[in-house]
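Since the structure comes first, as structure tokens, the remarks are kept for the end.
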Amino acid sequence: MATIWMKLKTEQRCHNCSSRSKKLSMEATDYAGLAGCTMLAFVLYLNTLNAGFVYDDRRAILGNADVTGAGPLAQLLQNDYWGTPLTDSGSHGSWRPLCVLSFRLNFLLGSGAAFPFHLINLLLHGLATALVVLVARTLLPTRAGVWAASALFAAHPIHTEAVAGVVGRADLSACVCSLFAYLTYRRHMLLRDWRSLAVTLLAALAALLCKETAITTLLLCGLCDVLCGLGLKHAGDDKHRLRSLSILSIALLCAVYCRLSIVPRPTVAFSAADNPTAHESCWWTRTLSFLYLPVVNLKLLLWPQYLSFDWGMEAIPRIRTLWDSRNVLSAGFYATLLAVSCKCIRLRCSAPRSSMDYAAVASISLPLLQRLGGNSCQAWHGLVCGCHHQLKQQRSPQQPSASVMGTSSSACCLFPGSATSASESVLVICIGFLVLPFLPACNLFFHVGFVLAERLLYLPSVGYCLLLGLGFGKLWQRLNGSAHRLLLLICLGILLVTFGLRTVQRNRDWHNEEQLFRSAVAINPPKALGNLGSVLSTQGRYEEARLALESAIAYRPNMADAHFNLGIVHQQQQNYSAALPCYRRAIELRPQLALAYLNLATSLLAWDKDRHEEAGAMLLAGARLPGHGVRDRNAHEEARYSAYLQLSALHRSRGRHQQAVEVLNEALAALSMDKRKQRAVLHQRLAAVHVELEQWPEAEEQQRLALQLQPEEGVAYVSYGQALARNCSRYAEAELWFKRAVELSPLEPSTHHHYADFLEQQQRPQEALGYRLRAAALAPHNYALQSAVADAMRLLNRLAEAELWYRQAAALHPQAAHAHANLGAILQMRGQRQQAVECYRRALQLQPGHATSRANLAKMNVNIDAST
């Protein structure tokens with residue numbers, strides 16, 4: 001017996017490291033479970049692939065120069081997630097350069113289509129599910145628990161916002177990197193090698209560069225290592241563990257310092273609509289309400305029936321009194337969490353401390369017991385091993401495994417000690433996965449720009465799924481009868497089917513913005529109805545949009561966006577008297593809303609052209625807005641730029657050319673130097689004003705400046721040609737510039753169209769017709785170009801062809817009175833009196849005061865009043 005003992009001890013010393021790595025080996029059943037859970041995640045979210053860009057995606061992707069490639073690559077490190085400079089007063093401070101870089105590559109390779117973005121999100125969710133399987137194998141003692149946790153993570157509806165919404169990639173990628181960091185650190189705990197530690201730190205850094213909440217990744221790794229060291233006392237292990245924990249702590253402190261000190265933070269508070277509780281003046285109400293928010297998040301994880309794209313405003317009513325029944329839920333939640341955590345840590349700390357390495361004992365005892373006829377190390381000389389090492393039984397092909405869903409092959413002695421203390425340690429780790437990633441966004445330590453965001457639960461949901469898997473595995477072990485286990489499987493199946501159906505249903509809500517906003521009307525009526533009204537307005541459904549916006553204002557009268565969008569609806573319906581008070585109210589509620597000033601001036605001029613002075617004052621006020629605290633800096637600057645252009649056009653129309661020059665020069669001084677296209681347009685406008693003043697040298701200088709800014713743009717050459725064409729002595733030179741524009745931009749319809757205008761001015765209608773036809777072919781749905789071809793045919797007396805083009809133009813723009821009037825005129829010229837009268841009548845129905853239609857009907861001796 002002594003000889004056998006010494007031999008086994010020598011073998012143990014030689015193969016100790018290799019035995020540890022073998023504990024992570026996976027069997028065929030494990031690979032099948034991994035593939036099945038990953039496939040489940042992929043299949044449930046397949047219907048997100050045909051979704052478009054919705055809600056925040058438009059600003060983060062389509063309106064972000066860092067994504068579209070309009071800005072230099074270096075700006076990724078200077079701008080926030082939405083493309084706003086971090087030093088800007090309106091920046092959210094969300095610095096996620098790695099995620100934005102993935103968006104940029106997506107946009108470049110996919111030509112801006114939505115499908116590649118959704119495909120990458122779907123693949124990331126599948127990868128996250130696979131990593132959850134691997135993480136669960138390191139913690140949960142049974143395959144049943146591992147598969148239950150992983151399947152629940154794959155099917156949970158709370159993940160829909162993160163997967164179906166493109167901007168949710170930040171949460172997906174941060175989760176993937178965090179789980180990978182945990183797995184590599186677990187390997188480091190077994191081997192204590194530098195390579196796995198370095199990979200852990202790199203993965204944690206990558207997670208942090210994807211999402212700020214991933215800063216808790218290193219805390220999770222450290223928590224796992226600390227719990228591993230509580231059960232046993234080994235001088236060597238403690239030394240290595242202390243070194244690892246010190247490195248993690250230093251890395252965490254450096255990350256926090258860099259994030260808070262080096263990377264600029266937002267300098268403006270979030271709006272009250274986004275986080276009303278943060279703006280609550282009563283400390284008591286603010287505290288009770290924020291303490292209740294984790295309970296709401298847990299309810300969403302437990303039963304995600306009611307989901308919303310936005311939980312701001314009053315979606316979660318504030319708790320204003322201690323007698324609110326929701327306080328009972330808060331107290332019960334925190335008491336349970338504290339009691340479970342304290343009990344687990346106390347049990348872990350009170351576990352017997354021994355210098356014995358149970359993994360080493362198992363490697364010696366199992367072969368020895370095999371020779372003695374035993375098969376378990378569970379009770380060898382009174383020692384207990386938490387993972388219950390078992391000898392592999394030699395089975396005949398006819399003898400099945402005792403339990404396919406039994407003990408996980410990777411359940412090694414990560415937490416040495418008694419089985420109870422090891423189980424408690426796993427419970428604490430699972431709670432850590434649930435709680436730690438949620439802490440940065442819980443509003444308890446510092447305020448964030450939202451009350452609740454479903455996509456932020458993506459990483460904490462890993463802990464929730466692990467807890468459910470742990471409980472499921474415990475039940476599986478305790479239920480010995482096949483009937484009881486079958487009932488347990490049926491319950492799990494019902495839960496997964498219910499969650500899967502809800503996931504597929506919720507994915508459909510994210511297909512387009514109208515469905516998304518309608519799905520949230522019951523949860524957040526003012527925000528959902530306001531956004532829905534804006535979407536309906538862009539679709540031309542003005543009456544539905546008006547009703548939705550008025551309902552939103554009835555819920556929340558101080559919504560500037562709703563008043564502004566309602567003004568747009570009235571303006572589109574040419575109800576300018578109703579649009580004006582809407583824009584004024586929007587400006588009153590949000591003085592920095594530049595677009596409201598711009599639209600207010602436009603409505604004033606459309607309603608009463610004599611109010612040009614008031615309109616000019618509004619345009620100047622909007623153009624000079626500094627935009628302090630605006631969220632979308634690009635949209636604000638674009639509105640200021642448009643205000644300057646319209647103000648200069650207003651001065652030109654009133655004959656105030658010098659004032660127009662001053663306005664355009666002020667715009668150039670205010671506009672950023674990197675806005676090359678906008679600056680080129682301003683120089684072109686200045687050139688046009690100088691041409692009207694017959695200041696030819698100044699006009700040419702401005703055109704040269706525009707060409708320097710856009711040397712490869714045909715539009716700049718067209719503008720130069722138009723300026724030269726005003727000087728009758730330089731027609732030949734002007735034509736050269738038009739030809740150059742056509743060469744540079746052969747697929748741009750406007751270059752052919754403007755060259756045709758020039759040729760018609762030169763009395764060359766036949767040549768002009770050729771360019772008209774090319775422009776119309778390049779833009780077959782452009783009403784103006786189709787109508788221009790019809791005009792050219794009429795000038796050449798090709799009336800039959802002109803009629804066809806006028807009919808095509810009227811079909812493209814059926815609500816335009818002048819389109820029907822033009823068709824009526826050509827029919828009148830061709831002697832088709834009855835059809836001409838019908839066209840004029842249609843024009844008068846659309847616009848009762850249409851002068852041309854009235855005049856032509858009078859010439860035809862038709863009773864105008866009777867016809868209308």
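Chain labels run A, B, ... following the order of the structure tokens; each chain numbers its residues from 1, and ligands are numbered from 1 in the order shown.
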Can you list, as a PDB file with N, CA and C atoms, in the first residue's frame, every protein, DNA or RNA residue that comes within 10 Å of stretch 274-278 of chain A when you count only C-alpha atoms, leaving out same-chain residues fewer than 6 positions away?
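As a result, out_15.pdb now contains:
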```pdb
ATOM      1  N   THR A 285     -38.784  62.197  -1.780  1.00  0.00           N
ATOM      2  CA  THR A 285     -39.381  61.622  -2.985  1.00  0.00           C
ATOM      3  C   THR A 285     -38.310  61.065  -3.910  1.00  0.00           C
ATOM      4  N   ARG A 286     -37.246  61.814  -4.057  1.00  0.00           N
ATOM      5  CA  ARG A 286     -36.157  61.373  -4.946  1.00  0.00           C
ATOM      6  C   ARG A 286     -35.545  60.068  -4.451  1.00  0.00           C
ATOM      7  N   THR A 287     -35.321  59.950  -3.158  1.00  0.00           N
ATOM      8  CA  THR A 287     -34.691  58.747  -2.603  1.00  0.00           C
ATOM      9  C   THR A 287     -35.604  57.535  -2.725  1.00  0.00           C
ATOM     10  N   LEU A 288     -36.853  57.675  -2.333  1.00  0.00           N
ATOM     11  CA  LEU A 288     -37.784  56.548  -2.408  1.00  0.00           C
ATOM     12  C   LEU A 288     -37.997  56.080  -3.845  1.00  0.00           C
ATOM     13  N   SER A 289     -38.065  57.037  -4.760  1.00  0.00           N
ATOM     14  CA  SER A 289     -38.301  56.674  -6.161  1.00  0.00           C
ATOM     15  C   SER A 289     -37.105  55.937  -6.742  1.00  0.00           C
ATOM     16  N   PHE A 290     -35.900  56.415  -6.447  1.00  0.00           N
ATOM     17  CA  PHE A 290     -34.709  55.745  -6.979  1.00  0.00           C
ATOM     18  C   PHE A 290     -34.503  54.367  -6.333  1.00  0.00           C
ATOM     19  N   ASP A 310     -39.015  53.808 -24.253  1.00  0.00           N
ATOM     20  CA  ASP A 310     -38.630  54.918 -23.389  1.00  0.00           C
ATOM     21  C   ASP A 310     -39.432  54.852 -22.101  1.00  0.00           C
ATOM     22  N   TRP A 311     -38.733  55.014 -20.967  1.00  0.00           N
ATOM     23  CA  TRP A 311     -39.375  54.969 -19.662  1.00  0.00           C
ATOM     24  C   TRP A 311     -39.250  56.308 -18.935  1.00  0.00           C
ATOM     25  N   GLY A 312     -39.068  57.385 -19.698  1.00  0.00           N
ATOM     26  CA  GLY A 312     -38.943  58.702 -19.095  1.00  0.00           C
ATOM     27  C   GLY A 312     -40.293  59.302 -18.735  1.00  0.00           C
ATOM     28  N   MET A 313     -40.265  60.625 -18.476  1.00  0.00           N
ATOM     29  CA  MET A 313     -41.465  61.373 -18.103  1.00  0.00           C
ATOM     30  C   MET A 313     -42.138  60.707 -16.900  1.00  0.00           C
ATOM     31  N   GLU A 314     -43.409  60.352 -17.019  1.00  0.00           N
ATOM     32  CA  GLU A 314     -44.127  59.763 -15.887  1.00  0.00           C
ATOM     33  C   GLU A 314     -44.478  58.302 -16.134  1.00  0.00           C
ATOM     34  N   ILE A 316     -42.950  55.804 -14.966  1.00  0.00           N
ATOM     35  CA  ILE A 316     -42.880  55.213 -13.624  1.00  0.00           C
ATOM     36  C   ILE A 316     -43.178  56.340 -12.632  1.00  0.00           C
ATOM     37  N   PRO A 317     -44.389  56.409 -12.121  1.00  0.00           N
ATOM     38  CA  PRO A 317     -44.747  57.517 -11.216  1.00  0.00           C
ATOM     39  C   PRO A 317     -43.829  57.569  -9.996  1.00  0.00           C
ATOM     40  N   ARG A 318     -43.518  58.777  -9.585  1.00  0.00           N
ATOM     41  CA  ARG A 318     -42.639  58.951  -8.433  1.00  0.00           C
ATOM     42  C   ARG A 318     -43.357  58.604  -7.123  1.00  0.00           C
ATOM     43  N   ILE A 319     -42.579  58.135  -6.174  1.00  0.00           N
ATOM     44  CA  ILE A 319     -43.115  57.771  -4.849  1.00  0.00           C
ATOM     45  C   ILE A 319     -42.970  58.997  -3.942  1.00  0.00           C
ATOM     46  N   ASN A 443     -28.935  55.139 -10.760  1.00  0.00           N
ATOM     47  CA  ASN A 443     -29.277  56.481 -10.261  1.00  0.00           C
ATOM     48  C   ASN A 443     -29.103  56.637  -8.756  1.00  0.00           C
ATOM     49  N   PHE A 446     -25.103  58.314  -8.682  1.00  0.00           N
ATOM     50  CA  PHE A 446     -25.076  59.560  -9.457  1.00  0.00           C
ATOM     51  C   PHE A 446     -26.186  59.458 -10.503  1.00  0.00           C
ATOM     52  N   HIS A 447     -26.669  60.616 -10.937  1.00  0.00           N
ATOM     53  CA  HIS A 447     -27.802  60.641 -11.845  1.00  0.00           C
ATOM     54  C   HIS A 447     -27.344  60.415 -13.285  1.00  0.00           C
ATOM     55  N   VAL A 448     -28.152  59.676 -14.032  1.00  0.00           N
ATOM     56  CA  VAL A 448     -27.901  59.432 -15.446  1.00  0.00           C
ATOM     57  C   VAL A 448     -29.077  59.982 -16.249  1.00  0.00           C
ATOM     58  N   GLY A 449     -28.961  59.940 -17.568  1.00  0.00           N
ATOM     59  CA  GLY A 449     -29.947  60.594 -18.426  1.00  0.00           C
ATOM     60  C   GLY A 449     -31.175  59.773 -18.731  1.00  0.00           C
ATOM     61  N   PHE A 450     -31.543  58.861 -17.868  1.00  0.00           N
ATOM     62  CA  PHE A 450     -32.740  58.057 -18.089  1.00  0.00           C
ATOM     63  C   PHE A 450     -33.207  57.494 -16.752  1.00  0.00           C
ATOM     64  N   VAL A 451     -34.460  57.085 -16.720  1.00  0.00           N
ATOM     65  CA  VAL A 451     -35.006  56.427 -15.540  1.00  0.00           C
ATOM     66  C   VAL A 451     -34.733  54.930 -15.607  1.00  0.00           C
ATOM     67  N   LEU A 452     -35.039  54.377 -16.765  1.00  0.00           N
ATOM     68  CA  LEU A 452     -34.866  52.930 -16.972  1.00  0.00           C
ATOM     69  C   LEU A 452     -34.629  52.711 -18.461  1.00  0.00           C
TER      70      LEU A 452
END
```
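Those residues that approach stretch 245-252 of chain A to within 10 Å, counting only C-alpha atoms, are Leu197, Thr200, Leu201, Ala204, Leu205, Ile215, Thr216, Thr217, Leu218, Leu219, Cys221, Gly222, Leu223, Asp225, Val226, His240, Tyr257 and Cys258 of chain A; same-chain residues fewer than 5 positions away are not listed.
For the atom pair formed by atom CA of A:Leu101 and atom CA of A:Ala206, the distance is 12.1 Å, given to one decimal.
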Excluding A:Leu119 and any residue of its chain fewer than 5 positions from it, enumerate the residues within 12 Å of it, using only C-alpha atoms, and give them as a PyMOL selection string. chain A and resi 42+45-52+106+110+113-114+124-126+163-166+169
Set out as CSV a contact list for stretch 490-592 of chain A and stretch 463-478 of chain A with a cut-off of 12 Å, giving each residue of stretch 490-592 of chain A that qualifies its closest atom pair and distance in Å to one decimal, counting only C-alpha atoms, ordered by chain and rising residue number.
```
residue,atom,partner,partner_atom,distance
A:Cys491,CA,A:Phe472,CA,10.5
A:Leu492,CA,A:Phe472,CA,8.8
A:Leu495,CA,A:Leu468,CA,11.6
A:Leu496,CA,A:Cys465,CA,12.0
```
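Residues in contact range of A:Arg676, defined as at most 9 Å between only C-alpha atoms, with sequence neighbours fewer than 3 positions away removed, read Ser672, Met673, Arg679, Ala680, Val681, Ala706, Leu709 and Gln710 of chain A.
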Name all residues at most 9 Å from stretch 589-599 of chain A (count only C-alpha atoms; drop same-chain ones fewer than 6 positions away) and give them as a PyMOL selection string. chain A and resi 558-561+564+567-568+571+580+583+615+618-630+635-640+642-643+646
When DSSP works through the backbone of this structure, what residues of stretch 502-601 of chain A end up as helix (DSSP H, G or I), shown as a ChimeraX atom specification? /A:502-509,513-518,525-538,542-555,560-572,576-589,594-601
Which neighbours of A:Glu712 fall inside 12 Å, counting only C-alpha atoms, when residues of the same chain fewer than 2 positions from it are skipped, and could you give them as a PyMOL selection string? chain A and resi 677+706-710+714-718+740-745
Atom-to-atom span, atom CA of A:Leu183 and atom CA of A:Leu134, Å: 7.8 Å
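For the pair atom CA of A:Ala816 and atom CA of A:Asn782, the separation is 13.3 Å.
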Residues near A:Ser461, cut-off 9 Å, only C-alpha atoms, skip fewer than 4 positions along chain, as an MDAnalysis selection string: chainID A and resid 153 156 158:159 301 433:434 457 465:466
